[in-house]
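See structure below.
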Amino acid sequence: MTQTVYHFGGNADHSDARQKDKTITGGKGANLAEMASIGLPVPPGFTITTEECLRYLDRGGDFAPELRDAVAKGVGHVEQTVGKTLGDAADPLLVSVRSGAAISMPGMMDTVLNLGLNDETVKGLAKTSGDARFAWDSYRRFIQMYSDVVLGIDHGLFEEALEIMREDNGFYSDTDMEAQHWEALVAEYLKIVEREQDEPFPQDVDTQLWGAIRAVFESWDSERAKIYRRLNDIPHDLGTAVNVQAMVFGNMGDDSATGVAFTRDPSTGEKYYYGEWLVNAQGEDVVAGIRTPQYLTKARREEAGADKPSMEEAMPDAYAELARVFDLLEKHYKDMQDIEFTVQQGQLFLLQTRNGKRTAKAALKMAVEMEGEGLIDRRTAVLRIDPMALDQLLHPTLDPDAPRDILATGLPASPGAASGKIALDADTAEQWANRGDAVILVRVETSPEDIHGMHAAKGILTARGGMTSHAAVVARGMGRPCVSGASGVSIDRKARTVRIGQAELAEGDVITLDGGNGQVMRGQVPTIEPELAGDFAKVMEWADEARRMGVRTNAETPEDCKTARSFGAEGIGLCRTEHMFFDADRIMAVREMILAEHEEGRRAALAKLLPEQRSDFEAIFEVMAGLPCTIRLLDPPLHEFLPADDGDFADLVEATGMDEERLKRRVAELHEFNPMLGHRGCRLGITYPEIYEMQARAIFEAVCAVKEKSGEAPLPEVMIPLVATKRELEILRALVDRVAEEVFAEKGTRVEYLVGTMIELPRAALMAGEIAEEARFFSFGTNDLTQTTLGLSRDDAGRFLGSYVDRGIFARDPFVSLDVDGVGQLVELAAERGRETDPKLKLGICGEHGGDPASIGFCEQVGLDYVSASPFRVPIARLAAAQAALRKA
């Protein structure tokens, strides 16, 4: 039978390759085994594999019978190594029970510390440790955490009891409390548990252990974990491992401590030890933001002007050992490490290491510097950077010369800048963001339950917590600016107000955050455009050397074209001409054309539009001179241009002189029950060829004008949309060729051009070999191809697609990432059949999937020539295309 429980530490055998496979033992379990195998100080323990989690969930919440024996052996391994027994009243073993997924999900799943304490073992712990305060503090922590995680009791009830205890005794912090206070608080906690669940807190340690294992398994399917996976494109079928490990204690006095550290700065990428620690504390105190931690190094403490000593100063020997471990782990894993550690009475223990989450700026700097150090090669540097993370760098930052009304300053926990309305809870943030408002989530500290609000917000501000708190780690992973530990922030939840420094603000007031320096400002501060130089430019240079596919942009304005070119676009993959028709100065002529009942009337209206359309194309072609430009002829159904209210009808009556009733009757005649499958795309060109004639003339007149002015013309690629048959394309290609010849004759010059089609219907994909007889290029319109293949409306499917993704029906939203198995099969088939007819057929993709890294990887696999993305996604597409080529090589 396959082994599903693995031991680590002590005399455990770490030779089984499965134990270091993150898909089997999770990132935490695999790395604990790896660290133990290279001789680092890891407390002993055992890992229950992800397979057991999935089996438990498949069995409806029932453990496999053989798991109990395997866990018992695991507990025996820990007991033998430590020399203590779980549940021994005289000298108890205590353990932690932690989750550990294959892909890091910080704070999303459950943990229980100090397991094994009860009314008897706490006395044994007090005696053997010689520190009753430590023992009762550990017991109250265990009751609170176990009650929250396993029993589902509101942790706020315990926090309230703790606050009352502090106030009654005049204590400022937890460290002021003595053994008798913690013992009294334990009694209160036990009363809370019995009151809330009508039965006492479990005293049997075996019951405690299996309750914690059950809770960790079930936390894989918690709402916050599902949201995090959906936001970060993590598959739902991986499961989590469970790590049971002997406790080491950072709360055993002033020679004990706990901390979180990174081998490089995860915000900037600079090469220095970065982290925080707390003396006489446990790990949850650091990451939960309950206490504001101290700096790890003397240099960072002095730079911040902090008074409390750094670990380097207070515990020089433990710090020196930690620094040695930092260097060893970074060289071993060849990446920046995120490390959790505990110092117990002067001795260092490592509880976790993992590749640290980082901002895009830091990722670029680390990749370039590690390549320069010889730690990694150039291929690894390019592959290491998450393409989507680049989005953090591609948007404006605060104008350094703009006035700033600074209200308070906190810790610069995640860089970037954002302005928005104050929202005091996650639900409000999400609601306001859904209605189109920019929001700043302001909390005392965030918790995993806030994940949906953090994603909806433009930035995050917390009153408590440090640089490694939940808010900071999750914000960095999301690319959200974050200011944490802003002590000048106090929130009145009842009044829905917040005091920031000396200012009293209401929920809904606008503030600005600068995550680079920790400033919180009143109102909205102006921004400036980003400069993409330095490390960014170097990585893009490496990416361009590696990629095979071209990268174009979807753009229809000169401004978008300039932005895209500055980001490295190599042409236009989709110019939607209908967007030009909606201009207020033109919409009336468009409506006149649509409502005309005869060709003569339509041509008269189109004559008004021709110079406007030509001017549009000239402006675009001037920016894109020398590059290919794919221009899609009119695509949407005509009803989209028609008036919807009486005021618009009155304006149209005045402009056209038509009778209002006649106009309304004509609008009713054009109404379609399912317009996205109706009279649109090439069907308009077939029935109203004068529309496509005008557009073709505008294109060729514009390209000739640009050629004359600049001496360099773009390569226009005239794209016929929604083709289902070869005959449609044959008719409309002849129309475009005829108009081109007319313009060339009139202008006395010629330009190269192509005529092709957008493949967005299943029939077109199936008949691609035949259609390629008339097309010089195919551009896959995967937005509509997804709609027509799956029978989904992208305008309406959002109501239920989240449920489909959560239940594993779709791995991802098919409008965000291409459905490779279904829609992708049509793309591959069309590419093969098209090139069988014409080996030189140019193939590209211009739907929203052209900016999605996973979809770009598929495009590389099927041999497309280019992808096209929105301007701000061009660098993302360049990097993703390079990674796809490197992985295929």
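Ordering of the structure tokens sets the chain letters (A, B, ...), residue numbers begin anew at 1 in every chain, and ligands are numbered from 1 in the order given.
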Who sits within 7 Å of stretch 717-722 of chain A, only C-alpha atoms, same chain under 2 positions skipped, as a PyMOL selection string: chain A and resi 628-633+635+681-682+715+724+753-761
Neighbours of stretch 207-223 of chain A within 7 Å (only C-alpha atoms; same-chain residues fewer than 6 positions away dropped), as a ChimeraX atom specification? /A:53,97,99,109-112,115,149-150,239-240,242
One-decimal distance in Å that lies between atom CA of A:Asn251 and atom CA of A:Phe134: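 So the two atoms, atom CA of A:Phe134 and atom CA of A:Asn251, lie 6.5 Å apart.
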Quick one: residues within 8 Å of A:Asp535, only C-alpha atoms counted, chain neighbours fewer than 3 positions away excluded, as a PyMOL selection string? chain A and resi 364-365+368+538-539
Give the strand (DSSP E or B) residues of stretch 427-574 of chain A, as assigned by DSSP on the backbone, as a PyMOL selection string. chain A and resi 439-443+459-462+482-484+489-492+497-500+503-506+510-514+519-522+527-528+550-554+572-574
